[in-house]
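Novice: Quick one: the structure is below, and I'll ask about it shortly.
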Amino acid sequence: MNAIRVEGLSKTFAVKQKASGLMGSVQSLLKPRFSEKAAVRRIDLTVEQGETLAFLGPNGAGKSTTIKMLTGILHPSGGAAEVLGLCPWKERRRLAYHIGSVFGQKSQLWYHLPPLDSFELMSRIYELKRADYFSRRDDLIRRFELEPYLHTPVRKLSLGERMRCEIAAAMLHRPKIVFLDEPTIGLDVIVKQKIRELIREMNSEEGTTVFLTSHDAGDIEQLCKRAVVINHGQVILDEGVERMKRELLTEKTIRLQLQEPGPPFRFPGVEVLRQEGGAMELSVETVTAGIEQVLAHIVSHYRVVDVTIEDPPMEQIITHIYAKDSAVRREEARQRP
Ligand SMILES: Nc1ncnc2c1ncn2[C@@H]1O[C@H](COP(=O)(O)OP(=O)(O)OP(=O)(O)O)[C@@H](O)[C@H]1O
């Protein structure tokens, strides 16, 4: 059985138009005018049980709207979807027992309660058997290293501590699918890494299907096997992450702060964008120069105080996809008799 099956899924919002000023407010109150916003346009998608899918796109592409329809929060304007054999917006309550969701920008935990109390409440909502709940809870506390935060109100936790609690809470009822909307947003490198490891573990040990949106290419590379890219509500690419990495994620930027200025940087496949005093910015063509080799070269030649590695922005990846797509279409047209 497919974990998720989507056919022609669409969502159009009616957006109220309002002219500026007091007259505009009065007019929109008495005679409201609406315009249509097509957020998702006829998406087709199939996800197998146990798959790890990255659902990508720039801001406003329609990712959250799609997740909201797949979790039953929103009714679509058209099309059909089945999640674990259920229609999400018609059988939302039944589906809730089998899926988990984490929205990086919005907490699912009770803000004024400590995580332990949220876990307890959730165990009641999901009607978990007491013995199952205790063993699952304790296992998650151990894996996610939550012991020090269990009794602190969620509002007093750091973002990284809270996110670990959020993901643990979403996994409490052993969901078959987790929807993760920007689970690592705003986190530092170490916490991001920990969260990725935990999600990977859940996928490999429990076969949990992962449906992930992220602007962080690191999440995609390290967590997902397949990537679906949407833009303006339409799927523009559906392929393996390995291939995507080879063809689209071929450039990384390394920013360095050195203890003291060093010799001019030279390495095949690396372009020096800036080298001024102790600051250095490098663009790495990863097909030619492996990032590990470049870092090893840096560490052996310079005294590094701070280092960050950035992936190309999503907008740049989308531009590449369109460029590639139109090149393929031109080639097809050229070969047509
Ligand atoms: N409730 C709503 N009413 C009107 N328009 C909406 C509503 N929700 C979303 N939209 C619009 O639909 C489009 C898609 O929004 P959505 O939140 O799904 O994008 P997204 O890909 O998740 O973006 P981001 O990466 O910024 O979170 C946007 O243009 C947005 O303004």
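Ligands are numbered from 1 in the order shown, chains are lettered A, B, ... in the order of the structure tokens, and residues start at 1 in each chain.
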Do you know which residues are at most 7 Å from Asn203 (chain A) counting only C-alpha atoms, after dropping those on the same chain fewer than 5 positions away, and could you put them as an MDAnalysis selection string?
Specialist: chainID A and resid 50 208:209
Novice: Output N, CA and C atoms for every residue in the selection just made, as a CSV table (one decimal), in the first residue's frame.
Specialist:
chain,number,residue,atom,x,y,z
A,50,GLY,N,7.7,4.0,4.3
A,50,GLY,CA,9.2,3.9,4.7
A,50,GLY,C,10.1,4.9,3.8
A,208,THR,N,9.3,4.5,9.7
A,208,THR,CA,8.4,5.6,9.6
A,208,THR,C,8.7,6.4,8.3
A,209,THR,N,7.6,6.7,7.6
A,209,THR,CA,7.7,7.4,6.3
A,209,THR,C,7.9,8.9,6.7
Novice: Counting only C-alpha atoms, what is within 12 Å of Ile185 (chain A), bar same-chain residues fewer than 2 positions away, as a list in words?
Specialist: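 Counting only C-alpha atoms, the residues come to Val102, Phe103, Gly104, Gln105, Lys106, Leu159, Gly160, Met163, Leu180, Asp181, Glu182, Pro183, Leu187, Asp188, Val189, Val191, Lys192, Ile195, Thr213, Ser214, His215, Asp216, Ala217, Gly218 and Asp219 of chain A.
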Novice: Would you save the residues from that selection as a short mmCIF file (atom, residue, chain, number, x, y, z; two decimals), in the first residue's frame, using N, CA and C atoms?
Specialist:
data_model
loop_
_atom_site.label_atom_id
_atom_site.label_comp_id
_atom_site.auth_asym_id
_atom_site.auth_seq_id
_atom_site.Cartn_x
_atom_site.Cartn_y
_atom_site.Cartn_z
N VAL A 102 5.24 17.93 12.79
CA VAL A 102 6.04 18.93 13.50
C VAL A 102 6.14 20.15 12.60
N PHE A 103 5.71 21.29 13.12
CA PHE A 103 5.83 22.53 12.37
C PHE A 103 6.88 23.38 13.09
N GLY A 104 8.03 23.57 12.40
CA GLY A 104 9.14 24.27 13.04
C GLY A 104 8.78 25.64 13.58
N GLN A 105 7.81 26.28 12.93
CA GLN A 105 7.48 27.66 13.30
C GLN A 105 6.38 27.72 14.36
N LYS A 106 5.81 26.56 14.68
CA LYS A 106 4.64 26.60 15.57
C LYS A 106 4.71 25.41 16.53
N LEU A 159 15.31 26.96 21.64
CA LEU A 159 14.66 26.44 20.43
C LEU A 159 15.07 24.97 20.16
N GLY A 160 16.37 24.69 20.32
CA GLY A 160 16.88 23.34 20.07
C GLY A 160 16.29 22.33 21.05
N MET A 163 12.65 21.80 20.09
CA MET A 163 12.45 21.00 18.88
C MET A 163 12.64 19.52 19.15
N LEU A 180 7.19 16.75 8.58
CA LEU A 180 8.09 17.67 9.28
C LEU A 180 8.24 18.93 8.43
N ASP A 181 7.67 20.02 8.92
CA ASP A 181 7.71 21.27 8.17
C ASP A 181 8.80 22.15 8.79
N GLU A 182 9.95 22.23 8.14
CA GLU A 182 11.10 23.01 8.62
C GLU A 182 11.51 22.63 10.04
N PRO A 183 11.85 21.35 10.28
CA PRO A 183 12.14 20.95 11.67
C PRO A 183 13.46 21.48 12.22
N LEU A 187 18.12 26.45 14.06
CA LEU A 187 18.93 25.69 15.02
C LEU A 187 20.41 25.76 14.66
N ASP A 188 21.28 25.59 15.69
CA ASP A 188 22.70 25.61 15.35
C ASP A 188 23.12 24.26 14.76
N VAL A 189 24.33 24.23 14.21
CA VAL A 189 24.78 23.07 13.44
C VAL A 189 24.71 21.77 14.25
N VAL A 191 22.87 20.96 16.96
CA VAL A 191 21.49 20.50 17.24
C VAL A 191 20.85 19.97 15.96
N LYS A 192 21.09 20.67 14.83
CA LYS A 192 20.56 20.21 13.53
C LYS A 192 21.01 18.78 13.28
N ILE A 195 19.23 16.27 15.45
CA ILE A 195 17.85 16.06 15.04
C ILE A 195 17.79 15.20 13.77
N THR A 213 9.73 19.15 4.70
CA THR A 213 10.03 20.36 3.94
C THR A 213 11.15 21.08 4.68
N SER A 214 12.07 21.64 3.91
CA SER A 214 13.17 22.36 4.53
C SER A 214 13.83 23.26 3.51
N HIS A 215 14.35 24.38 3.98
CA HIS A 215 15.14 25.24 3.10
C HIS A 215 16.61 24.89 3.24
N ASP A 216 16.90 23.94 4.12
CA ASP A 216 18.28 23.60 4.40
C ASP A 216 18.69 22.39 3.58
N ALA A 217 19.59 22.60 2.63
CA ALA A 217 19.99 21.49 1.75
C ALA A 217 20.63 20.36 2.56
N GLY A 218 21.22 20.69 3.72
CA GLY A 218 21.82 19.65 4.57
C GLY A 218 20.77 18.64 5.04
N ASP A 219 19.58 19.13 5.40
CA ASP A 219 18.49 18.23 5.83
C ASP A 219 18.17 17.26 4.70
#
Novice: Provide the atom 31 (O, counted along the ligand's line) of ligand 1 to CA of Thr65 (chain A) distance in Å, to one decimal place.
Specialist: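 A separation of 9.6 Å between them.
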Novice: Using only C-alpha atoms, which residues sit within 7 Å of Tyr111 (chain A) once same-chain residues fewer than 5 positions away are excluded, as a PyMOL selection string?
Specialist: chain A and resi 153-155
Novice: Please report, as number ranges by chain, each residue of region 159-267 of chain A to which DSSP assigns alpha helix (DSSP H) when run on this structure's backbone.
Specialist: A: 159-171, 189-206, 217-223, 241-247
Novice: Mind checking which residues fall within 10 Å of Glu7 (chain A), counting only C-alpha atoms, ignoring those fewer than 3 positions away in the same chain, and posting them as a ChimeraX atom specification?
Specialist: /A:10,42-46,78-82
Novice: Using only C-alpha atoms and all ligand atoms, find each residue in chain A having at least one atom no more than 7 Å away from ligand 1; report its shortest atom-to-atom pair and that distance in Å (one decimal), rows by chain then rising number, as CSV.
Specialist:
residue,atom,partner,partner_atom_place_in_ligand_line,distance
A:Phe13,CA,ligand 1,4 (C),4.9
A:Ala14,CA,ligand 1,4 (C),6.3
A:Val15,CA,ligand 1,4 (C),5.3
A:Lys37,CA,ligand 1,5 (N),6.1
A:Ala38,CA,ligand 1,12 (O),6.8
A:Ala39,CA,ligand 1,12 (O),4.1
A:Gly57,CA,ligand 1,21 (O),5.9
A:Pro58,CA,ligand 1,25 (O),5.6
A:Asn59,CA,ligand 1,26 (O),3.4
A:Gly60,CA,ligand 1,19 (O),3.4
A:Ala61,CA,ligand 1,21 (O),3.7
A:Gly62,CA,ligand 1,18 (O),3.2
A:Lys63,CA,ligand 1,21 (O),3.8
A:Ser64,CA,ligand 1,22 (O),3.6
A:Thr65,CA,ligand 1,18 (O),3.7
A:Thr66,CA,ligand 1,18 (O),6.4
Novice: Hey, can you spit out that residue selection with C-alpha atoms as a CSV table (one decimal), in the first residue's frame?
Specialist:
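Saved result, part.csv, follows:
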chain,number,residue,atom,x,y,z
A,13,PHE,CA,-7.8,30.6,-1.6
A,14,ALA,CA,-10.3,33.5,-1.9
A,15,VAL,CA,-8.3,36.5,-0.8
A,37,LYS,CA,-5.0,32.7,-5.2
A,38,ALA,CA,-4.0,29.3,-6.6
A,39,ALA,CA,-1.7,28.0,-3.9
A,57,GLY,CA,10.2,24.9,-3.0
A,58,PRO,CA,10.9,28.6,-2.5
A,59,ASN,CA,8.7,30.7,-0.1
A,60,GLY,CA,5.1,30.7,-1.1
A,61,ALA,CA,5.4,27.6,-3.4
A,62,GLY,CA,2.6,25.7,-1.7
A,63,LYS,CA,4.4,23.3,0.6
A,64,SER,CA,2.6,24.1,3.8
A,65,THR,CA,-0.7,24.2,2.0
A,66,THR,CA,-0.1,20.7,0.7
Novice: Where does DSSP see strand (DSSP E) in region 74-320 of chain A, if you list the residues as a PyMOL selection string?
Specialist: chain A and resi 78-83+99-103+177-181+209-213+226-231+234-240+251-258+270-276+279-285+304-310
Novice: Hey, can you spit out that residue selection with C-alpha atoms as an mmCIF file, in the first residue's frame?
Specialist:
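New file out24.cif:
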data_model
loop_
_atom_site.group_PDB
_atom_site.id
_atom_site.type_symbol
_atom_site.label_atom_id
_atom_site.label_comp_id
_atom_site.auth_asym_id
_atom_site.auth_seq_id
_atom_site.Cartn_x
_atom_site.Cartn_y
_atom_site.Cartn_z
ATOM 1 C CA GLY A 78 -10.066 19.851 -6.199
ATOM 2 C CA GLY A 79 -8.397 16.484 -6.651
ATOM 3 C CA ALA A 80 -8.045 13.479 -4.391
ATOM 4 C CA ALA A 81 -5.643 12.245 -1.725
ATOM 5 C CA GLU A 82 -5.238 9.098 0.316
ATOM 6 C CA VAL A 83 -2.957 8.983 3.325
ATOM 7 C CA ILE A 99 0.465 10.292 11.637
ATOM 8 C CA GLY A 100 2.658 12.779 13.471
ATOM 9 C CA SER A 101 3.487 16.331 12.503
ATOM 10 C CA VAL A 102 6.039 18.925 13.500
ATOM 11 C CA PHE A 103 5.827 22.534 12.367
ATOM 12 C CA ILE A 177 4.153 8.889 8.693
ATOM 13 C CA VAL A 178 5.707 12.052 10.088
ATOM 14 C CA PHE A 179 5.217 15.398 8.362
ATOM 15 C CA LEU A 180 8.094 17.669 9.276
ATOM 16 C CA ASP A 181 7.714 21.274 8.168
ATOM 17 C CA THR A 209 7.685 7.448 6.329
ATOM 18 C CA VAL A 210 9.243 10.916 6.416
ATOM 19 C CA PHE A 211 7.667 13.817 4.501
ATOM 20 C CA LEU A 212 9.965 16.758 5.038
ATOM 21 C CA THR A 213 10.028 20.365 3.939
ATOM 22 C CA ARG A 226 13.934 11.419 -2.984
ATOM 23 C CA ALA A 227 13.137 15.066 -3.641
ATOM 24 C CA VAL A 228 10.016 16.646 -5.087
ATOM 25 C CA VAL A 229 10.341 20.313 -5.949
ATOM 26 C CA ILE A 230 7.316 22.553 -6.350
ATOM 27 C CA ASN A 231 7.092 26.096 -7.606
ATOM 28 C CA GLN A 234 3.180 22.804 -9.390
ATOM 29 C CA VAL A 235 5.607 19.889 -9.272
ATOM 30 C CA ILE A 236 8.632 20.786 -11.397
ATOM 31 C CA LEU A 237 11.004 17.987 -10.398
ATOM 32 C CA ASP A 238 10.704 14.511 -8.858
ATOM 33 C CA GLU A 239 13.964 12.603 -8.599
ATOM 34 C CA GLY A 240 16.511 10.890 -6.320
ATOM 35 C CA GLU A 251 28.218 24.370 -5.197
ATOM 36 C CA LYS A 252 28.900 25.218 -1.570
ATOM 37 C CA THR A 253 30.158 28.400 0.042
ATOM 38 C CA ILE A 254 32.687 28.166 2.875
ATOM 39 C CA ARG A 255 33.124 31.216 5.110
ATOM 40 C CA LEU A 256 36.145 31.288 7.399
ATOM 41 C CA GLN A 257 37.459 33.474 10.145
ATOM 42 C CA LEU A 258 41.175 32.894 10.644
ATOM 43 C CA VAL A 270 37.662 26.249 -5.455
ATOM 44 C CA GLU A 271 37.142 29.905 -6.330
ATOM 45 C CA VAL A 272 38.239 32.510 -3.801
ATOM 46 C CA LEU A 273 35.395 35.014 -3.482
ATOM 47 C CA ARG A 274 37.132 37.102 -0.820
ATOM 48 C CA GLN A 275 40.340 36.936 1.169
ATOM 49 C CA GLU A 276 40.883 40.009 3.313
ATOM 50 C CA ALA A 279 38.297 36.654 6.566
ATOM 51 C CA MET A 280 37.964 34.254 3.678
ATOM 52 C CA GLU A 281 35.023 33.245 1.463
ATOM 53 C CA LEU A 282 35.332 30.318 -0.918
ATOM 54 C CA SER A 283 33.029 28.858 -3.545
ATOM 55 C CA VAL A 284 33.523 25.100 -3.871
ATOM 56 C CA GLU A 285 32.554 23.206 -7.021
ATOM 57 C CA VAL A 304 40.715 28.585 11.851
ATOM 58 C CA VAL A 305 38.620 30.398 14.465
ATOM 59 C CA ASP A 306 35.203 29.914 12.876
ATOM 60 C CA VAL A 307 33.808 28.138 9.825
ATOM 61 C CA THR A 308 30.373 27.959 8.171
ATOM 62 C CA ILE A 309 29.347 25.963 5.110
ATOM 63 C CA GLU A 310 26.357 27.102 3.067
#
Novice: Residues near Lys225 (chain A), anyone? I mean within 9 Å using only C-alpha atoms, not counting same-chain ones fewer than 3 positions away, as a list in words.
Specialist: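 Everything that qualifies: Glu51, Thr52, Leu53, Ala54, Ile220, Glu221, Gln222, Glu239, Gly240, Val241 and Glu242 of chain A.
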Novice: Identify which of the residues A:Gly21, A:Pro264, A:Gly269, A:Pro313 lies closest to His301 (chain A), counting only C-alpha atoms when measuring atom-to-atom distances.
Specialist: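 Closest residue, counting only C-alpha atoms: A:Pro264.
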Novice: Any idea what's packed within 9 Å of Gly277 (chain A), counting only C-alpha atoms, ignoring anything in its chain fewer than 4 positions away? Could you give it as a list in words?
Specialist: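 The residues that qualify are Leu258, Glu260, Pro261 and Gly262 of chain A.
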Novice: Kindly export the residues of the current selection with N, CA and C atoms, as a PDB file, in the first residue's frame.
Specialist:
ATOM      1  N   LEU A 258      39.882  33.452  10.267  1.00  0.00           N
ATOM      2  CA  LEU A 258      41.175  32.894  10.644  1.00  0.00           C
ATOM      3  C   LEU A 258      41.777  33.675  11.805  1.00  0.00           C
ATOM      4  N   GLU A 260      44.893  34.542  12.050  1.00  0.00           N
ATOM      5  CA  GLU A 260      45.728  35.587  11.439  1.00  0.00           C
ATOM      6  C   GLU A 260      45.686  35.403   9.925  1.00  0.00           C
ATOM      7  N   PRO A 261      45.974  36.471   9.152  1.00  0.00           N
ATOM      8  CA  PRO A 261      45.955  36.324   7.692  1.00  0.00           C
ATOM      9  C   PRO A 261      46.915  35.226   7.252  1.00  0.00           C
ATOM     10  N   GLY A 262      46.502  34.465   6.235  1.00  0.00           N
ATOM     11  CA  GLY A 262      47.347  33.363   5.765  1.00  0.00           C
ATOM     12  C   GLY A 262      47.745  33.570   4.310  1.00  0.00           C
TER      13      GLY A 262
END
Novice: Excluding Ile125 (chain A) and its own-chain neighbours fewer than 5 positions away, which residues fall within 12 Å of it when counting only C-alpha atoms? Please give them as a PyMOL selection string.
Specialist: chain A and resi 93+96-97+118-120+133+169+172-173
Novice: Write a file of the selected residues as a short mmCIF file (atom, residue, chain, number, x, y, z; two decimals), in the first residue's frame, keeping C-alpha atoms.
Specialist:
data_model
loop_
_atom_site.label_atom_id
_atom_site.label_comp_id
_atom_site.auth_asym_id
_atom_site.auth_seq_id
_atom_site.Cartn_x
_atom_site.Cartn_y
_atom_site.Cartn_z
CA ARG A 93 -9.61 12.02 13.44
CA ALA A 96 -4.49 11.48 13.47
CA TYR A 97 -3.84 8.21 15.35
CA SER A 118 2.44 17.41 27.34
CA PHE A 119 3.53 13.79 26.77
CA GLU A 120 1.01 12.65 29.38
CA TYR A 133 3.12 4.69 26.79
CA ALA A 169 6.03 14.19 21.13
CA LEU A 172 5.00 9.12 20.93
CA HIS A 173 2.16 7.16 19.31
#
Novice: CA of Leu116 (chain A) and CA of Leu150 (chain A), how far apart in Å?
Specialist: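 Straight-line distance from CA of Leu150 (chain A) to CA of Leu116 (chain A) works out to 5.2 Å.
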